[in-house]
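Next comes start16.cif, a file with mmCIF, C-alpha atoms.
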data_start
#
loop_
_atom_site.group_PDB
_atom_site.id
_atom_site.type_symbol
_atom_site.label_atom_id
_atom_site.label_comp_id
_atom_site.auth_asym_id
_atom_site.auth_seq_id
_atom_site.Cartn_x
_atom_site.Cartn_y
_atom_site.Cartn_z
ATOM 1 C CA MET A 1 279.334 47.777 202.346
ATOM 2 C CA ALA A 2 280.514 44.696 200.454
ATOM 3 C CA THR A 3 284.204 43.840 200.606
ATOM 4 C CA ASN A 4 286.372 41.132 199.050
ATOM 5 C CA ILE A 5 284.416 41.179 195.800
ATOM 6 C CA THR A 6 285.695 41.077 192.215
ATOM 7 C CA TRP A 7 283.914 41.998 188.975
ATOM 8 C CA HIS A 8 284.016 38.969 186.650
ATOM 9 C CA HIS A 9 284.382 39.570 182.921
ATOM 10 C CA ASN A 10 283.404 37.087 180.248
ATOM 11 C CA LEU A 11 282.818 39.171 177.133
ATOM 12 C CA THR A 12 283.661 42.805 176.566
ATOM 13 C CA HIS A 13 280.760 45.062 175.659
ATOM 14 C CA GLU A 14 282.183 45.378 172.130
ATOM 15 C CA GLU A 15 282.405 41.598 171.710
ATOM 16 C CA ARG A 16 278.852 41.137 172.916
ATOM 17 C CA SER A 17 277.606 43.903 170.621
ATOM 18 C CA LYS A 18 279.157 42.194 167.581
ATOM 19 C CA LEU A 19 277.695 38.815 168.554
ATOM 20 C CA VAL A 20 274.144 40.046 169.133
ATOM 21 C CA LYS A 21 274.362 42.646 166.345
ATOM 22 C CA GLN A 22 272.906 45.373 168.518
ATOM 23 C CA ASN A 23 274.028 48.323 170.602
ATOM 24 C CA GLY A 24 272.802 48.878 174.131
ATOM 25 C CA ALA A 25 271.660 52.169 175.631
ATOM 26 C CA THR A 26 269.470 53.610 178.368
ATOM 27 C CA LEU A 27 266.635 55.958 177.505
ATOM 28 C CA TRP A 28 265.710 57.759 180.709
ATOM 29 C CA PHE A 29 262.135 59.072 180.514
ATOM 30 C CA THR A 30 261.518 61.768 183.123
ATOM 31 C CA GLY A 31 258.539 64.019 183.732
ATOM 32 C CA LEU A 32 255.584 64.678 185.988
ATOM 33 C CA SER A 33 253.117 61.968 186.917
ATOM 34 C CA ALA A 34 250.596 61.679 184.037
ATOM 35 C CA SER A 35 252.979 63.327 181.584
ATOM 36 C CA GLY A 36 252.882 60.218 179.372
ATOM 37 C CA LYS A 37 256.236 58.612 180.206
ATOM 38 C CA SER A 38 254.963 55.045 180.485
ATOM 39 C CA THR A 39 252.595 55.368 177.528
ATOM 40 C CA ILE A 40 255.395 56.503 175.234
ATOM 41 C CA ALA A 41 257.908 54.008 176.630
ATOM 42 C CA CYS A 42 255.394 51.160 176.069
ATOM 43 C CA ALA A 43 254.740 52.235 172.485
ATOM 44 C CA LEU A 44 258.462 52.610 171.808
ATOM 45 C CA GLU A 45 259.254 49.209 173.336
ATOM 46 C CA ARG A 46 256.683 47.545 171.075
ATOM 47 C CA LYS A 47 257.980 49.336 167.967
ATOM 48 C CA LEU A 48 261.585 48.356 168.731
ATOM 49 C CA LEU A 49 260.674 44.723 169.412
ATOM 50 C CA GLU A 50 258.604 44.547 166.230
ATOM 51 C CA THR A 51 261.765 45.452 164.317
ATOM 52 C CA ASN A 52 263.846 42.836 166.205
ATOM 53 C CA ILE A 53 265.598 45.377 168.419
ATOM 54 C CA GLN A 54 265.818 43.991 171.942
ATOM 55 C CA SER A 55 264.495 46.417 174.539
ATOM 56 C CA TYR A 56 263.046 46.240 178.021
ATOM 57 C CA ARG A 57 260.982 48.750 179.957
ATOM 58 C CA LEU A 58 261.554 49.476 183.631
ATOM 59 C CA ASP A 59 258.514 51.307 184.979
ATOM 60 C CA GLY A 60 258.285 53.412 188.136
ATOM 61 C CA ASP A 61 255.278 51.537 189.508
ATOM 62 C CA ASN A 62 256.335 48.050 188.404
ATOM 63 C CA VAL A 63 259.709 48.045 190.170
ATOM 64 C CA ARG A 64 258.029 48.991 193.450
ATOM 65 C CA PHE A 65 256.246 45.624 193.437
ATOM 66 C CA GLY A 66 259.597 43.861 193.791
ATOM 67 C CA LEU A 67 263.059 45.386 193.605
ATOM 68 C CA ASN A 68 262.081 48.598 195.402
ATOM 69 C CA LYS A 69 259.094 47.481 197.459
ATOM 70 C CA ASP A 70 260.910 48.547 200.628
ATOM 71 C CA LEU A 71 261.044 52.202 199.547
ATOM 72 C CA GLY A 72 258.582 55.025 200.140
ATOM 73 C CA PHE A 73 258.455 58.503 198.608
ATOM 74 C CA THR A 74 260.635 60.601 200.888
ATOM 75 C CA GLU A 75 263.525 62.366 199.194
ATOM 76 C CA HIS A 76 265.954 59.759 200.601
ATOM 77 C CA ASP A 77 263.836 56.859 199.307
ATOM 78 C CA ARG A 78 263.394 58.521 195.917
ATOM 79 C CA ASN A 79 267.191 58.900 195.691
ATOM 80 C CA GLU A 80 267.707 55.220 196.506
ATOM 81 C CA ASN A 81 264.946 54.218 194.079
ATOM 82 C CA ILE A 82 266.733 55.996 191.234
ATOM 83 C CA ARG A 83 270.173 54.709 192.296
ATOM 84 C CA ARG A 84 268.972 51.099 192.088
ATOM 85 C CA ILE A 85 267.250 51.633 188.759
ATOM 86 C CA SER A 86 270.366 53.330 187.372
ATOM 87 C CA GLU A 87 272.387 50.231 188.200
ATOM 88 C CA VAL A 88 269.805 47.881 186.677
ATOM 89 C CA ALA A 89 269.475 49.996 183.517
ATOM 90 C CA LYS A 90 273.264 50.036 183.165
ATOM 91 C CA LEU A 91 273.333 46.216 183.282
ATOM 92 C CA PHE A 92 270.686 46.050 180.543
ATOM 93 C CA ALA A 93 272.597 48.557 178.405
ATOM 94 C CA ASP A 94 275.842 46.652 178.953
ATOM 95 C CA SER A 95 274.086 43.476 177.775
ATOM 96 C CA CYS A 96 273.288 45.345 174.510
ATOM 97 C CA VAL A 97 269.600 45.742 175.291
ATOM 98 C CA ILE A 98 267.930 49.137 175.026
ATOM 99 C CA ALA A 99 266.646 49.913 178.518
ATOM 100 C CA LEU A 100 263.625 52.204 178.708
ATOM 101 C CA THR A 101 263.198 53.651 182.190
ATOM 102 C CA SER A 102 260.056 55.653 182.933
ATOM 103 C CA PHE A 103 260.401 57.327 186.324
ATOM 104 C CA ILE A 104 259.392 60.757 187.546
ATOM 105 C CA SER A 105 262.968 61.079 188.899
ATOM 106 C CA PRO A 106 262.303 64.655 190.023
ATOM 107 C CA TYR A 107 265.793 65.558 191.217
ATOM 108 C CA LYS A 108 268.471 66.681 188.776
ATOM 109 C CA LYS A 109 271.304 65.318 190.919
ATOM 110 C CA ASP A 110 269.832 61.790 190.781
ATOM 111 C CA ARG A 111 269.529 61.901 187.001
ATOM 112 C CA ASP A 112 273.062 63.292 186.773
ATOM 113 C CA GLU A 113 274.307 60.365 188.877
ATOM 114 C CA ALA A 114 272.534 57.927 186.557
ATOM 115 C CA ARG A 115 274.212 59.592 183.583
ATOM 116 C CA LYS A 116 277.617 59.520 185.287
ATOM 117 C CA LEU A 117 277.240 55.800 186.041
ATOM 118 C CA HIS A 118 276.630 55.089 182.346
ATOM 119 C CA ASN A 119 279.361 57.450 181.167
ATOM 120 C CA GLU A 120 281.912 55.669 183.357
ATOM 121 C CA SER A 121 281.159 52.474 181.416
ATOM 122 C CA ASN A 122 280.992 54.240 178.021
ATOM 123 C CA LEU A 123 277.311 53.374 177.676
ATOM 124 C CA PRO A 124 274.855 55.757 175.994
ATOM 125 C CA PHE A 125 272.533 57.570 178.382
ATOM 126 C CA ILE A 126 269.732 59.480 176.693
ATOM 127 C CA GLU A 127 267.562 61.737 178.807
ATOM 128 C CA VAL A 128 264.028 62.031 177.419
ATOM 129 C CA TYR A 129 262.097 64.903 178.964
ATOM 130 C CA VAL A 130 258.389 64.147 178.700
ATOM 131 C CA ASP A 131 257.121 67.673 179.161
ATOM 132 C CA VAL A 132 253.580 68.693 180.002
ATOM 133 C CA PRO A 133 252.149 71.622 182.001
ATOM 134 C CA LEU A 134 251.102 70.720 185.552
ATOM 135 C CA SER A 135 247.547 71.809 184.730
ATOM 136 C CA VAL A 136 247.355 69.248 181.909
ATOM 137 C CA ALA A 137 248.827 66.491 184.081
ATOM 138 C CA GLU A 138 246.248 67.270 186.772
ATOM 139 C CA GLU A 139 243.455 67.250 184.225
ATOM 140 C CA ARG A 140 244.552 63.818 182.953
ATOM 141 C CA ASP A 141 245.157 62.329 186.433
ATOM 142 C CA PRO A 142 244.438 58.712 185.326
ATOM 143 C CA LYS A 143 245.171 57.278 188.780
ATOM 144 C CA GLY A 144 243.491 60.058 190.764
ATOM 145 C CA LEU A 145 246.787 60.866 192.484
ATOM 146 C CA TYR A 146 246.726 64.629 191.982
ATOM 147 C CA LYS A 147 243.238 64.795 193.444
ATOM 148 C CA LYS A 148 244.371 62.840 196.504
ATOM 149 C CA ALA A 149 247.493 64.996 196.834
ATOM 150 C CA ARG A 150 245.391 68.182 196.700
ATOM 151 C CA GLN A 151 243.188 66.718 199.433
ATOM 152 C CA GLY A 152 246.246 66.010 201.584
ATOM 153 C CA LEU A 153 245.794 62.241 201.323
ATOM 154 C CA ILE A 154 249.175 61.724 199.607
ATOM 155 C CA LYS A 155 252.275 63.407 200.972
ATOM 156 C CA ASN A 156 255.533 64.189 199.124
ATOM 157 C CA PHE A 157 253.743 64.224 195.764
ATOM 158 C CA THR A 158 255.850 65.704 192.958
ATOM 159 C CA GLY A 159 254.426 68.914 191.571
ATOM 160 C CA ILE A 160 252.227 69.479 194.629
ATOM 161 C CA ASP A 161 254.248 69.030 197.860
ATOM 162 C CA ASP A 162 257.618 68.220 196.326
ATOM 163 C CA PRO A 163 259.444 69.961 193.462
ATOM 164 C CA TYR A 164 260.160 68.676 189.982
ATOM 165 C CA GLU A 165 263.503 69.858 188.620
ATOM 166 C CA ALA A 166 263.106 69.877 184.843
ATOM 167 C CA PRO A 167 266.080 68.788 182.711
ATOM 168 C CA GLU A 168 268.117 71.685 181.366
ATOM 169 C CA LYS A 169 269.633 69.964 178.323
ATOM 170 C CA PRO A 170 267.876 66.668 177.626
ATOM 171 C CA GLU A 171 268.900 64.772 174.516
ATOM 172 C CA ILE A 172 265.211 64.508 173.575
ATOM 173 C CA HIS A 173 262.421 66.910 174.579
ATOM 174 C CA ILE A 174 258.851 65.930 173.758
ATOM 175 C CA ASN A 175 255.589 67.719 174.576
ATOM 176 C CA THR A 176 252.778 65.217 175.004
ATOM 177 C CA HIS A 177 250.081 67.897 175.088
ATOM 178 C CA GLU A 178 251.136 68.973 171.584
ATOM 179 C CA GLN A 179 252.374 65.704 170.004
ATOM 180 C CA SER A 180 250.632 62.359 169.586
ATOM 181 C CA VAL A 181 252.138 59.179 171.018
ATOM 182 C CA GLU A 182 253.123 58.138 167.485
ATOM 183 C CA GLU A 183 254.850 61.466 166.842
ATOM 184 C CA CYS A 184 256.747 61.195 170.126
ATOM 185 C CA VAL A 185 257.893 57.654 169.306
ATOM 186 C CA ASP A 186 258.973 58.722 165.813
ATOM 187 C CA THR A 187 261.005 61.587 167.296
ATOM 188 C CA ILE A 188 262.840 59.146 169.560
ATOM 189 C CA ILE A 189 263.402 56.607 166.774
ATOM 190 C CA GLU A 190 264.897 59.312 164.559
ATOM 191 C CA TYR A 191 267.268 60.335 167.327
ATOM 192 C CA LEU A 192 268.386 56.714 167.880
ATOM 193 C CA LYS A 193 269.048 56.332 164.159
ATOM 194 C CA LYS A 194 270.924 59.623 163.958
ATOM 195 C CA GLU A 195 273.152 58.574 166.863
ATOM 196 C CA LYS A 196 273.652 55.106 165.252
ATOM 197 C CA ILE A 197 272.238 53.323 168.284
ATOM 198 C CA ILE A 198 269.835 51.519 165.977
ATOM 199 C CA ASN A 199 269.934 50.964 162.212
#

Could you rewrite the structure in this file as structure tokens?
Amino acid sequence: MATNITWHHNLTHEERSKLVKQNGATLWFTGLSASGKSTIACALERKLLETNIQSYRLDGDNVRFGLNKDLGFTEHDRNENIRRISEVAKLFADSCVIALTSFISPYKKDRDEARKLHNESNLPFIEVYVDVPLSVAEERDPKGLYKKARQGLIKNFTGIDDPYEAPEKPEIHINTHEQSVEECVDTIIEYLKKEKIIN
């Protein structure tokens, strides 16, 4: 554990927000594999950037190529994966960028810790539950992961070997088997406007 360290301040979050004319926040997309988290986060990122709202997407697969390449899929490694991403997302939000994190993040306690981390810094944390029945996710299976999990080729797979603890009170709840990508993005945009995170 690091000792003899000091957090260095330059600008307060409020000062930075006034200078860049934007508020920061973290939108935490959670749901089963193949629920549509990354698809919706990608579409939302593009729509925000097209309207000059700075945003950046942190994707479950992408971060495992670098930041979290030392982690597997045991419960301990999943916890550490989410802890690291929570810290990174908080830095983006503090810099007044809208962070879009798309991670299965199956455990409620990990998502609660991510929320607590943001709350301690007075940064908005918005849980987006990308809901889809397991049967639909298995039918989609764009990466063939469910098939491999059913065959026993992938262990600790959420929804098959490991549980998914659905959010109880997410700020945003979308059903990708009933709503189009555009409708899901519009729902999120409306929420961000209502909460005055974007204009």

Check which residues of range 81-198 of chain A sit at most 8 Å from range 10-32 of chain A using only C-alpha atoms, and return one row each with the closest pair of atoms and their distance in Å to one decimal, ordered by chain and rising number, as CSV.
residue,atom,partner,partner_atom,distance
A:Ala89,CA,A:Thr26,CA,6.3
A:Lys90,CA,A:Thr26,CA,7.1
A:Phe92,CA,A:Gly24,CA,7.3
A:Ala93,CA,A:Gly24,CA,4.3
A:Asp94,CA,A:Gly24,CA,6.1
A:Ser95,CA,A:Gly24,CA,6.6
A:Cys96,CA,A:Gly24,CA,3.6
A:Val97,CA,A:Gly24,CA,4.6
A:Ile98,CA,A:Ala25,CA,4.8
A:Ala99,CA,A:Thr26,CA,4.7
A:Leu100,CA,A:Leu27,CA,5.0
A:Thr101,CA,A:Trp28,CA,5.0
A:Ser102,CA,A:Phe29,CA,4.7
A:Phe103,CA,A:Thr30,CA,5.6
A:Ile104,CA,A:Thr30,CA,5.0
A:Ser105,CA,A:Thr30,CA,6.0
A:Pro106,CA,A:Gly31,CA,7.4
A:Leu123,CA,A:Ala25,CA,6.1
A:Pro124,CA,A:Ala25,CA,4.8
A:Phe125,CA,A:Thr26,CA,5.0
A:Ile126,CA,A:Leu27,CA,4.8
A:Glu127,CA,A:Trp28,CA,4.8
A:Val128,CA,A:Phe29,CA,4.7
A:Tyr129,CA,A:Thr30,CA,5.2
A:Val130,CA,A:Gly31,CA,5.0
A:Asp131,CA,A:Gly31,CA,6.0
A:Val132,CA,A:Leu32,CA,7.5
A:Leu134,CA,A:Leu32,CA,7.5
A:Ala137,CA,A:Leu32,CA,7.3
A:Thr158,CA,A:Leu32,CA,7.1
A:Gly159,CA,A:Leu32,CA,7.1
A:Tyr164,CA,A:Leu32,CA,7.3
A:Ala166,CA,A:Gly31,CA,7.5
A:Ile197,CA,A:Asn23,CA,5.8
A:Ile198,CA,A:Asn23,CA,7.0

Selection file, C-alpha atoms, as an mmCIF file, in the coordinates of the input:
data_model
loop_
_atom_site.group_PDB
_atom_site.id
_atom_site.type_symbol
_atom_site.label_atom_id
_atom_site.label_comp_id
_atom_site.auth_asym_id
_atom_site.auth_seq_id
_atom_site.Cartn_x
_atom_site.Cartn_y
_atom_site.Cartn_z
ATOM 1 C CA ALA A 89 269.475 49.996 183.517
ATOM 2 C CA LYS A 90 273.264 50.036 183.165
ATOM 3 C CA PHE A 92 270.686 46.050 180.543
ATOM 4 C CA ALA A 93 272.597 48.557 178.405
ATOM 5 C CA ASP A 94 275.842 46.652 178.953
ATOM 6 C CA SER A 95 274.086 43.476 177.775
ATOM 7 C CA CYS A 96 273.288 45.345 174.510
ATOM 8 C CA VAL A 97 269.600 45.742 175.291
ATOM 9 C CA ILE A 98 267.930 49.137 175.026
ATOM 10 C CA ALA A 99 266.646 49.913 178.518
ATOM 11 C CA LEU A 100 263.625 52.204 178.708
ATOM 12 C CA THR A 101 263.198 53.651 182.190
ATOM 13 C CA SER A 102 260.056 55.653 182.933
ATOM 14 C CA PHE A 103 260.401 57.327 186.324
ATOM 15 C CA ILE A 104 259.392 60.757 187.546
ATOM 16 C CA SER A 105 262.968 61.079 188.899
ATOM 17 C CA PRO A 106 262.303 64.655 190.023
ATOM 18 C CA LEU A 123 277.311 53.374 177.676
ATOM 19 C CA PRO A 124 274.855 55.757 175.994
ATOM 20 C CA PHE A 125 272.533 57.570 178.382
ATOM 21 C CA ILE A 126 269.732 59.480 176.693
ATOM 22 C CA GLU A 127 267.562 61.737 178.807
ATOM 23 C CA VAL A 128 264.028 62.031 177.419
ATOM 24 C CA TYR A 129 262.097 64.903 178.964
ATOM 25 C CA VAL A 130 258.389 64.147 178.700
ATOM 26 C CA ASP A 131 257.121 67.673 179.161
ATOM 27 C CA VAL A 132 253.580 68.693 180.002
ATOM 28 C CA LEU A 134 251.102 70.720 185.552
ATOM 29 C CA ALA A 137 248.827 66.491 184.081
ATOM 30 C CA THR A 158 255.850 65.704 192.958
ATOM 31 C CA GLY A 159 254.426 68.914 191.571
ATOM 32 C CA TYR A 164 260.160 68.676 189.982
ATOM 33 C CA ALA A 166 263.106 69.877 184.843
ATOM 34 C CA ILE A 197 272.238 53.323 168.284
ATOM 35 C CA ILE A 198 269.835 51.519 165.977
#

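In this structure, CA of Gln151 in chain A sits 17.4 Å away from CA of Phe73 in chain A.
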
Which residue gives the smallest distance to Val136 in chain A among A:Glu178, A:Asp77, A:Asp162, A:Glu183, with only C-alpha atoms counted?
A:Glu178

For Asp141 in chain A, list every protein, DNA or RNA residue within 10 Å, evaluated using all atoms listed in the file, and leave out those in the same chain fewer than 4 positions away; present the list as a ChimeraX atom specification.
/A:33-35,135-137,145-147

Go ahead and write the selection's residues with C-alpha atoms as a PDB file, in the coordinates of the input.
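Output contents, as saved in part_28.pdb:
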ATOM      1  CA  SER A  33     253.117  61.968 186.917  1.00  0.00           C
ATOM      2  CA  ALA A  34     250.596  61.679 184.037  1.00  0.00           C
ATOM      3  CA  SER A  35     252.979  63.327 181.584  1.00  0.00           C
ATOM      4  CA  SER A 135     247.547  71.809 184.730  1.00  0.00           C
ATOM      5  CA  VAL A 136     247.355  69.248 181.909  1.00  0.00           C
ATOM      6  CA  ALA A 137     248.827  66.491 184.081  1.00  0.00           C
ATOM      7  CA  LEU A 145     246.787  60.866 192.484  1.00  0.00           C
ATOM      8  CA  TYR A 146     246.726  64.629 191.982  1.00  0.00           C
ATOM      9  CA  LYS A 147     243.238  64.795 193.444  1.00  0.00           C
TER      10      LYS A 147
END

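Closest approach to Asn199 in chain A among A:Thr6, A:Ser121, A:Thr176, A:Asn52 is made by A:Asn52 (distances from all atoms listed in the file).
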
Contact residues around range 109-114 of chain A with all atoms listed in the file at 8 Å, ignoring same-chain residues under 3 positions, as a list of chain:residue names
A:Asn79, A:Ile82, A:Arg83, A:Ser86, A:Glu87, A:Ser105, A:Leu117, A:His118

For Arg150 in chain A, the closest of A:His76, A:Cys42, A:Glu138, A:Tyr191 counting only C-alpha atoms is A:Glu138

Length of the CA of Ala43 in chain A to CA of Leu58 in chain A vector [Å]
13.4 Å

Restricting to only C-alpha atoms, whichever of A:Arg64, A:Lys108, A:Lys47, A:Arg78 is closest to Glu168 in chain A is A:Lys108

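CA of Phe157 in chain A to CA of Thr74 in chain A spans 9.3 Å [interatomic distance, one decimal].
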
Which residue, A:Leu71, A:Ile160, A:Arg57, A:His177, has the smallest gap to Arg140 in chain A when you use only C-alpha atoms?
A:His177

Any chance you could model N, CA, C and O atoms for range 148-162 of chain A and send them as a PDB file, keeping the file's coordinate frame?
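To be explicit, this is the file written out as rebuild-v4.pdb:
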ATOM      1  N   LYS A 148     244.081  63.257 195.131  1.00  0.00           N
ATOM      2  CA  LYS A 148     244.371  62.840 196.504  1.00  0.00           C
ATOM      3  C   LYS A 148     245.441  63.729 197.137  1.00  0.00           C
ATOM      4  O   LYS A 148     245.352  64.064 198.322  1.00  0.00           O
ATOM      5  N   ALA A 149     246.437  64.117 196.317  1.00  0.00           N
ATOM      6  CA  ALA A 149     247.493  64.996 196.834  1.00  0.00           C
ATOM      7  C   ALA A 149     246.924  66.351 197.218  1.00  0.00           C
ATOM      8  O   ALA A 149     247.288  66.926 198.257  1.00  0.00           O
ATOM      9  N   ARG A 150     246.015  66.887 196.401  1.00  0.00           N
ATOM     10  CA  ARG A 150     245.391  68.182 196.700  1.00  0.00           C
ATOM     11  C   ARG A 150     244.539  68.105 197.972  1.00  0.00           C
ATOM     12  O   ARG A 150     244.383  69.085 198.690  1.00  0.00           O
ATOM     13  N   GLN A 151     244.015  66.910 198.233  1.00  0.00           N
ATOM     14  CA  GLN A 151     243.188  66.718 199.433  1.00  0.00           C
ATOM     15  C   GLN A 151     244.042  66.411 200.667  1.00  0.00           C
ATOM     16  O   GLN A 151     243.503  66.263 201.766  1.00  0.00           O
ATOM     17  N   GLY A 152     245.356  66.305 200.469  1.00  0.00           N
ATOM     18  CA  GLY A 152     246.246  66.010 201.584  1.00  0.00           C
ATOM     19  C   GLY A 152     246.338  64.545 201.937  1.00  0.00           C
ATOM     20  O   GLY A 152     246.902  64.167 202.966  1.00  0.00           O
ATOM     21  N   LEU A 153     245.793  63.682 201.053  1.00  0.00           N
ATOM     22  CA  LEU A 153     245.794  62.241 201.323  1.00  0.00           C
ATOM     23  C   LEU A 153     247.103  61.573 200.910  1.00  0.00           C
ATOM     24  O   LEU A 153     247.397  60.463 201.365  1.00  0.00           O
ATOM     25  N   ILE A 154     247.862  62.220 200.019  1.00  0.00           N
ATOM     26  CA  ILE A 154     249.175  61.724 199.607  1.00  0.00           C
ATOM     27  C   ILE A 154     250.198  62.812 199.901  1.00  0.00           C
ATOM     28  O   ILE A 154     250.027  63.955 199.474  1.00  0.00           O
ATOM     29  N   LYS A 155     251.224  62.453 200.641  1.00  0.00           N
ATOM     30  CA  LYS A 155     252.275  63.407 200.972  1.00  0.00           C
ATOM     31  C   LYS A 155     253.462  63.216 200.028  1.00  0.00           C
ATOM     32  O   LYS A 155     253.621  62.173 199.403  1.00  0.00           O
ATOM     33  N   ASN A 156     254.311  64.236 199.938  1.00  0.00           N
ATOM     34  CA  ASN A 156     255.533  64.189 199.124  1.00  0.00           C
ATOM     35  C   ASN A 156     255.229  63.927 197.657  1.00  0.00           C
ATOM     36  O   ASN A 156     255.990  63.240 196.969  1.00  0.00           O
ATOM     37  N   PHE A 157     254.116  64.474 197.162  1.00  0.00           N
ATOM     38  CA  PHE A 157     253.743  64.224 195.764  1.00  0.00           C
ATOM     39  C   PHE A 157     254.395  65.274 194.863  1.00  0.00           C
ATOM     40  O   PHE A 157     254.224  66.478 195.062  1.00  0.00           O
ATOM     41  N   THR A 158     255.118  64.811 193.860  1.00  0.00           N
ATOM     42  CA  THR A 158     255.850  65.704 192.958  1.00  0.00           C
ATOM     43  C   THR A 158     254.891  66.641 192.222  1.00  0.00           C
ATOM     44  O   THR A 158     253.900  66.202 191.651  1.00  0.00           O
ATOM     45  N   GLY A 159     255.246  67.904 192.237  1.00  0.00           N
ATOM     46  CA  GLY A 159     254.426  68.914 191.571  1.00  0.00           C
ATOM     47  C   GLY A 159     253.448  69.580 192.511  1.00  0.00           C
ATOM     48  O   GLY A 159     252.957  70.685 192.233  1.00  0.00           O
ATOM     49  N   ILE A 160     253.151  68.910 193.641  1.00  0.00           N
ATOM     50  CA  ILE A 160     252.227  69.479 194.629  1.00  0.00           C
ATOM     51  C   ILE A 160     252.999  69.829 195.906  1.00  0.00           C
ATOM     52  O   ILE A 160     253.197  70.987 196.226  1.00  0.00           O
ATOM     53  N   ASP A 161     253.461  68.800 196.637  1.00  0.00           N
ATOM     54  CA  ASP A 161     254.248  69.030 197.860  1.00  0.00           C
ATOM     55  C   ASP A 161     255.741  69.116 197.570  1.00  0.00           C
ATOM     56  O   ASP A 161     256.459  69.859 198.234  1.00  0.00           O
ATOM     57  N   ASP A 162     256.192  68.309 196.633  1.00  0.00           N
ATOM     58  CA  ASP A 162     257.618  68.220 196.326  1.00  0.00           C
ATOM     59  C   ASP A 162     257.900  68.810 194.942  1.00  0.00           C
ATOM     60  O   ASP A 162     257.026  68.778 194.058  1.00  0.00           O
TER      61      ASP A 162
END
